[in-house]
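Novice: File my_file-v9.txt follows (compact mmCIF, C-alpha atoms and all ligand atoms):
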```txt
# COMPACT_ATOMS: atom_id res chain seq x y z
CA MET P 1 0.00 0.00 0.00
CA THR P 2 1.19 3.56 -0.70
CA ASP P 3 2.20 5.61 2.31
CA PRO P 4 -0.38 8.43 2.37
CA THR P 5 1.80 10.61 4.55
CA LEU P 6 4.66 10.90 2.05
CA ASP P 7 5.90 14.42 1.40
CA LYS P 8 4.81 15.88 -1.94
CA SER P 9 4.78 19.11 -3.95
CA ILE P 10 1.85 20.82 -5.66
CA SER P 11 1.49 23.99 -7.73
CA LEU P 12 -1.02 26.74 -6.91
CA PRO P 13 -1.91 29.42 -9.49
CA THR P 14 -0.75 32.45 -7.48
CA LEU P 15 1.74 30.86 -5.06
CA GLY P 16 3.59 28.54 -7.43
CA VAL P 17 5.06 25.29 -6.12
CA VAL P 18 4.60 24.50 -2.44
CA ARG P 19 5.87 21.44 -0.62
CA PHE P 20 4.07 19.33 1.98
CA HIS P 21 6.50 18.34 4.69
CA ARG P 22 5.51 15.83 7.35
CA LEU P 23 6.74 17.00 10.73
CA ARG P 24 9.71 15.11 12.16
CA THR P 25 10.84 15.12 15.78
CA SER P 26 13.64 17.53 14.80
CA ASP P 27 11.22 20.13 13.35
CA ALA P 28 10.34 22.14 16.48
CA ASP P 29 12.16 25.26 15.17
CA LEU P 30 10.33 25.07 11.84
CA LEU P 31 6.95 24.75 13.55
CA TYR P 32 7.80 27.60 15.90
CA ALA P 33 8.74 29.75 12.87
CA PHE P 34 5.24 29.02 11.53
CA PHE P 35 3.64 30.07 14.84
CA GLN P 36 5.44 33.40 14.54
CA MET P 37 3.86 34.02 11.13
CA LEU P 38 0.33 33.93 12.54
CA GLY P 39 -1.39 37.25 13.24
CA LYS P 40 -3.79 38.10 16.03
CA GLN P 41 -7.03 37.13 14.24
CA THR P 42 -5.53 33.89 12.92
CA ARG P 43 -4.44 32.95 16.46
CA ALA P 44 -7.89 33.83 17.76
CA TRP P 45 -9.54 31.44 15.28
CA PHE P 46 -6.94 28.67 15.46
CA ARG P 47 -6.41 27.92 19.13
CA PRO P 48 -5.27 24.29 19.58
CA HIS P 49 -1.62 25.24 20.09
CA THR P 50 -1.99 28.21 22.43
CA PRO P 51 0.22 29.76 23.90
CA TRP P 52 2.36 29.33 20.77
CA THR P 53 5.63 28.90 22.58
CA HIS P 54 8.72 27.02 21.45
CA ALA P 55 7.97 24.49 24.21
CA VAL P 56 4.58 23.79 22.60
CA ALA P 57 6.26 23.39 19.20
CA GLN P 58 8.71 20.96 20.77
CA ASP P 59 5.92 18.88 22.35
CA LEU P 60 4.08 18.71 19.02
CA ALA P 61 7.18 17.74 17.05
CA ALA P 62 7.91 15.05 19.64
CA GLN P 63 4.62 13.36 18.66
CA ALA P 64 5.99 12.64 15.18
CA GLU P 65 6.53 8.95 15.95
CA ASP P 66 3.12 8.54 17.64
CA PRO P 67 0.57 6.81 15.36
CA ASP P 68 -2.24 8.87 16.88
CA PHE P 69 -0.98 12.05 15.16
CA ILE P 70 0.01 13.35 11.76
CA ARG P 71 1.25 16.93 11.46
CA PHE P 72 2.60 18.62 8.39
CA LEU P 73 3.75 22.03 7.26
CA VAL P 74 3.44 23.41 3.76
CA LEU P 75 6.65 25.13 2.72
CA ALA P 76 6.66 27.94 0.15
CA GLU P 77 9.69 29.44 -1.54
CA GLN P 78 10.39 33.07 -0.75
CA GLU P 79 13.48 34.70 -2.33
CA GLY P 80 15.20 31.37 -2.78
CA LYS P 81 14.46 30.22 0.78
CA GLU P 82 11.68 27.96 2.02
CA GLU P 83 9.36 29.21 4.73
CA PRO P 84 6.36 27.60 6.45
CA ALA P 85 3.15 28.92 4.86
CA GLY P 86 0.53 26.45 6.07
CA TYR P 87 -0.09 23.70 8.56
CA GLY P 88 -2.45 20.77 9.00
CA PHE P 89 -2.86 17.98 11.49
CA PHE P 90 -4.82 14.93 12.51
CA GLU P 91 -5.23 13.93 16.13
CA ASN P 92 -7.01 10.82 17.52
CA LEU P 93 -5.99 9.00 14.36
CA GLN P 94 -6.52 5.61 15.98
CA SER P 95 -10.18 6.46 16.59
CA ALA P 96 -13.08 6.11 14.15
CA ARG P 97 -13.51 9.92 13.94
CA PRO P 98 -10.11 11.62 13.85
CA VAL P 99 -9.99 15.37 14.46
CA LEU P 100 -8.28 17.70 12.01
CA GLY P 101 -7.10 21.29 12.15
CA ILE P 102 -5.61 23.71 9.63
CA ALA P 103 -4.06 27.17 9.56
CA VAL P 104 -2.48 29.29 6.86
CA ALA P 105 0.02 32.04 7.67
CA ASP P 106 -1.50 35.49 7.19
CA ALA P 107 0.70 36.38 4.21
CA TYR P 108 -0.44 33.25 2.34
CA GLN P 109 -4.18 33.33 3.04
CA GLY P 110 -6.64 33.64 0.15
CA HIS P 111 -4.50 31.79 -2.44
CA GLY P 112 -6.14 28.37 -2.31
CA LEU P 113 -3.66 26.90 0.18
CA GLY P 114 -6.30 26.17 2.84
CA GLN P 115 -8.29 24.17 0.32
CA ALA P 116 -5.16 22.31 -0.82
CA ILE P 117 -4.38 21.40 2.80
CA MET P 118 -7.95 20.13 3.29
CA GLN P 119 -7.70 18.06 0.12
CA HIS P 120 -4.46 16.53 1.39
CA LEU P 121 -6.00 15.70 4.77
CA ILE P 122 -9.03 14.09 3.12
CA THR P 123 -6.78 12.01 0.86
CA VAL P 124 -4.70 10.89 3.85
CA ALA P 125 -7.82 9.97 5.84
CA ARG P 126 -9.25 7.96 2.94
CA GLN P 127 -5.99 6.11 2.43
CA LEU P 128 -5.91 5.28 6.13
CA GLY P 129 -9.38 3.76 5.72
CA LYS P 130 -11.20 6.39 7.80
CA ARG P 131 -14.91 6.89 7.12
CA ARG P 132 -15.51 10.09 9.12
CA ILE P 133 -13.38 13.09 10.07
CA ILE P 134 -14.37 16.00 12.27
CA LEU P 135 -13.27 19.52 13.16
CA THR P 136 -14.35 22.48 15.26
CA VAL P 137 -14.84 25.98 13.89
CA ASP P 138 -15.98 29.27 15.43
CA GLY P 139 -19.37 30.74 14.53
CA ASP P 140 -17.86 33.94 13.11
CA ASN P 141 -15.13 32.20 11.07
CA LEU P 142 -17.01 32.38 7.79
CA ARG P 143 -14.01 31.83 5.52
CA ALA P 144 -13.09 28.57 7.23
CA GLN P 145 -16.73 27.44 7.20
CA HIS P 146 -16.91 28.18 3.46
CA VAL P 147 -13.82 26.04 2.84
CA TYR P 148 -15.13 23.16 4.98
CA LYS P 149 -18.57 23.16 3.33
CA LYS P 150 -16.94 23.22 -0.09
CA MET P 151 -14.96 20.12 0.94
CA GLY P 152 -18.13 18.27 1.95
CA PHE P 153 -18.31 18.98 5.69
CA THR P 154 -21.66 19.57 7.35
CA MET P 155 -22.45 20.89 10.81
CA THR P 156 -23.21 18.16 13.34
CA ARG P 157 -23.69 20.15 16.56
CA LEU P 158 -23.02 23.38 18.38
CA ILE P 159 -20.37 22.94 21.08
CA PRO P 160 -22.28 23.44 24.36
CA GLY P 161 -21.18 26.46 26.40
CA SER P 162 -18.72 27.70 23.77
CA PHE P 163 -17.82 31.35 24.19
CA HIS P 164 -16.98 31.42 20.47
CA ASN P 165 -20.26 29.91 19.27
CA ALA P 166 -18.13 27.02 18.03
CA ARG P 167 -19.60 24.17 16.08
CA GLU P 168 -18.47 20.68 15.14
CA MET P 169 -18.43 19.76 11.48
CA GLU P 170 -18.06 16.30 10.00
CA CYS P 171 -17.19 14.88 6.60
CA ILE P 172 -18.26 11.38 5.64
CA LEU P 173 -15.62 9.98 3.32
C1 LIG A 1 -9.37 29.34 7.12
C2 LIG A 1 -8.05 29.19 6.35
C3 LIG A 1 -7.35 27.92 6.79
C4 LIG A 1 -8.39 29.09 4.85
O1 LIG A 1 -7.20 29.03 4.14
P1 LIG A 1 -6.96 30.02 2.89
O2 LIG A 1 -5.74 29.59 2.21
O3 LIG A 1 -7.05 31.42 3.34
O4 LIG A 1 -8.27 29.65 2.02
P2 LIG A 1 -8.41 29.46 0.46
O5 LIG A 1 -7.73 30.57 -0.23
O6 LIG A 1 -8.04 28.06 0.09
O7 LIG A 1 -10.00 29.56 0.29
C5 LIG A 1 -10.72 30.62 0.85
C6 LIG A 1 -12.16 30.52 0.37
O8 LIG A 1 -13.00 31.25 1.27
C7 LIG A 1 -13.70 32.26 0.56
N1 LIG A 1 -13.85 33.37 1.50
C8 LIG A 1 -12.94 34.31 1.84
N2 LIG A 1 -13.44 35.12 2.78
C9 LIG A 1 -14.69 34.66 3.05
C10 LIG A 1 -15.72 35.08 3.95
N3 LIG A 1 -15.54 36.13 4.77
N4 LIG A 1 -16.88 34.38 3.98
C11 LIG A 1 -17.07 33.30 3.16
N5 LIG A 1 -16.11 32.86 2.30
C12 LIG A 1 -14.95 33.54 2.24
C13 LIG A 1 -12.87 32.54 -0.67
O9 LIG A 1 -13.64 33.14 -1.71
C14 LIG A 1 -12.38 31.12 -1.02
O10 LIG A 1 -13.41 30.36 -1.59
P3 LIG A 1 -13.54 30.06 -3.17
O11 LIG A 1 -12.28 29.38 -3.61
O12 LIG A 1 -14.75 29.18 -3.27
O13 LIG A 1 -13.73 31.42 -3.83
C15 LIG A 1 -7.10 30.41 6.57
O14 LIG A 1 -7.72 31.58 6.09
C16 LIG A 1 -6.69 30.58 8.02
O15 LIG A 1 -5.69 30.02 8.46
N6 LIG A 1 -7.45 31.37 8.79
C17 LIG A 1 -7.10 31.65 10.18
C18 LIG A 1 -7.02 30.40 11.05
C19 LIG A 1 -8.26 29.55 10.92
O16 LIG A 1 -9.36 30.06 10.81
N7 LIG A 1 -8.07 28.22 10.94
C20 LIG A 1 -9.18 27.31 10.90
C21 LIG A 1 -9.75 27.18 12.26
S1 LIG A 1 -11.21 26.16 12.27
```
Could you quickly redo this structure as structure tokens?
Specialist:
Amino acid sequence: MTDPTLDKSISLPTLGVVRFHRLRTSDADLLYAFFQMLGKQTRAWFRPHTPWTHAVAQDLAAQAEDPDFIRFLVLAEQEGKEEPAGYGFFENLQSARPVLGIAVADAYQGHGLGQAIMQHLITVARQLGKRRIILTVDGDNLRAQHVYKKMGFTMTRLIPGSFHNAREMECIL
């Protein structure tokens, strides 16, 4: 069977070639560099890795060998150097309904990268034999909701007591 988590490159109309890079245990600095590219609103909408410290990046990179997680960065070339432009993950991968999350660095938003990351996650989930994947999104995060609906996600429930009017969405694969 093909390994669905293999690194790969794709081309986007306005960004050019970007490279998916599965996180290794040695990638804490790279992940931390991505954290630093996220603005205030992006951090407000994407909260799983608060408080965005190097220690958090280290803990996440350390999970690279754990079968319950897949994390990857998308690297874009900027003046001959690669920099982290996007990020996606699966958690609870051993369960029947793994949870996913995505974020795109502010400077790269609105170029189709979020949709490319979602497509990659859906492909990975299918190849791992998953039938359902879920995520959580805030009520006022209309761009993310648009992307998720376009990818086939539907709302399953409001998260009780959520300050952010968050809802769970699910995609049946
Ligand atoms: C949400 C996010 C991942 C999307 O990634 P992206 O690269 O910006 O998105 P894309 O360029 O692939 O697609 C954006 C789509 O949303 C649409 N869109 C943009 N603003 C919108 C809005 N306010 N309301 C509805 N749709 C909107 C665009 O038209 C585009 O759709 P289209 O291709 O059908 O025209 C990214 O913006 C991000 O990281 N946001 C902050 C963190 C976050 O919200 N993470 C998700 C937490 S659940």
Novice: Give me the residues of chain P that have any atom at most 9 Å from an atom of ligand LIG 1 (chain A); for each, the nearest atom pair and the distance in Å, rounded to one decimal. Use only C-alpha atoms and all ligand atoms, sort by chain and number, and format it as a tab-separated table.
Specialist:
```
residue	atom	partner	partner_atom	distance
P:Leu38	CA	A:LIG1	C17	8.1
P:Gly39	CA	A:LIG1	C17	8.6
P:Gln41	CA	A:LIG1	C17	6.8
P:Thr42	CA	A:LIG1	C17	3.9
P:Arg43	CA	A:LIG1	C18	6.5
P:Ala44	CA	A:LIG1	C18	7.6
P:Trp45	CA	A:LIG1	O16	4.7
P:Phe46	CA	A:LIG1	C21	4.5
P:Arg47	CA	A:LIG1	C21	7.7
P:Gly86	CA	A:LIG1	O15	7.6
P:Tyr87	CA	A:LIG1	O15	8.4
P:Gly88	CA	A:LIG1	C3	8.9
P:Leu100	CA	A:LIG1	S1	9.0
P:Gly101	CA	A:LIG1	S1	6.4
P:Ile102	CA	A:LIG1	C20	5.2
P:Ala103	CA	A:LIG1	O15	3.5
P:Val104	CA	A:LIG1	O15	3.7
P:Ala105	CA	A:LIG1	O15	6.1
P:Asp106	CA	A:LIG1	O15	7.0
P:Tyr108	CA	A:LIG1	O2	6.4
P:Gln109	CA	A:LIG1	O3	3.5
P:Gly110	CA	A:LIG1	O5	3.3
P:His111	CA	A:LIG1	O5	4.1
P:Gly112	CA	A:LIG1	O6	3.1
P:Leu113	CA	A:LIG1	O2	4.0
P:Gly114	CA	A:LIG1	O1	3.3
P:Gln115	CA	A:LIG1	O6	3.9
P:Ala116	CA	A:LIG1	O6	6.5
P:Ile117	CA	A:LIG1	O6	8.1
P:Met118	CA	A:LIG1	O6	8.6
P:Leu135	CA	A:LIG1	S1	7.0
P:Thr136	CA	A:LIG1	S1	5.7
P:Val137	CA	A:LIG1	S1	4.0
P:Asp138	CA	A:LIG1	S1	6.5
P:Asp140	CA	A:LIG1	N3	8.9
P:Asn141	CA	A:LIG1	O16	6.2
P:Leu142	CA	A:LIG1	N4	4.3
P:Arg143	CA	A:LIG1	C12	3.8
P:Ala144	CA	A:LIG1	C1	3.8
P:Gln145	CA	A:LIG1	C11	7.1
P:His146	CA	A:LIG1	N5	4.9
P:Val147	CA	A:LIG1	C6	5.4
P:Tyr148	CA	A:LIG1	C1	8.7
P:Lys150	CA	A:LIG1	O12	7.1
```
Novice: I'd like the interatomic distance between atom CA of P:Ser95 and atom CA of P:Ile172, to a tenth of an Å.
Specialist: 14.5 Å
Novice: How far is it from atom CA of P:Ala125 to atom CA of P:Val74, in Å with one decimal?
Specialist: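 About the pair atom CA of P:Ala125 and atom CA of P:Val74: they are 17.7 Å apart.
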Novice: How many Å lie between atom CA of P:Ala28 and atom CA of P:Ile70, rounded to one decimal?
Specialist: 14.4 Å
Novice: Considering only C-alpha atoms, state which residue in the set P:Val18, P:Met151, P:Leu6, P:Val99 is at the smallest distance from P:Arg132.
Specialist: P:Val99
Novice: Restricting the calculation to only C-alpha atoms: of P:Phe34, P:Phe163, P:Phe20, P:Phe89, which residue gets closest to P:Ile134?
Specialist: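 For P:Ile134, the nearest of the given residues is P:Phe89.
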Novice: From (-15.9, 6.9, 5.7), in the file's coordinates, out to 9 Å: which residues are reached, counting all atoms listed in the file? Answer as a ChimeraX atom specification.
Specialist: /P:96,125-126,129-133,171-173
Novice: Could you give me, as a PyMOL selection string, the residues within 7 Å of stretch 155-159 of chain P, counting all atoms listed in the file and dropping anything in the same chain fewer than 6 positions from it?
Specialist: chain P and resi 166-170
Novice: Between P:His164, P:Arg24, P:Lys8, P:Arg97, which has the minimum distance to P:His120 (counting only C-alpha atoms)?
Specialist: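 Closest residue, counting only C-alpha atoms: P:Lys8.
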Novice: Nearest to P:Ala64: which of P:Gln36, P:His21, P:Ser9, P:Ala76 is it, counting only C-alpha atoms?
Specialist: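 Counting only C-alpha atoms, the residue closest to P:Ala64 is P:His21.
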Novice: Take the point (11.7, 17.1, 10.9) in the file's coordinates, draw a sphere of radius 12 Å around it, and report as number ranges by chain every protein, DNA or RNA residue with an atom inside or on it, counting only C-alpha atoms.
Specialist: P: 7, 20-31, 57-58, 60-65, 71-73
Novice: For P:Pro51, which residue out of P:Gly161, P:Phe35, P:Ala85, P:Ala107 is the nearest one, using only C-alpha atoms?
Specialist: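 Checking each candidate against P:Pro51, we get P:Phe35 as the closest.
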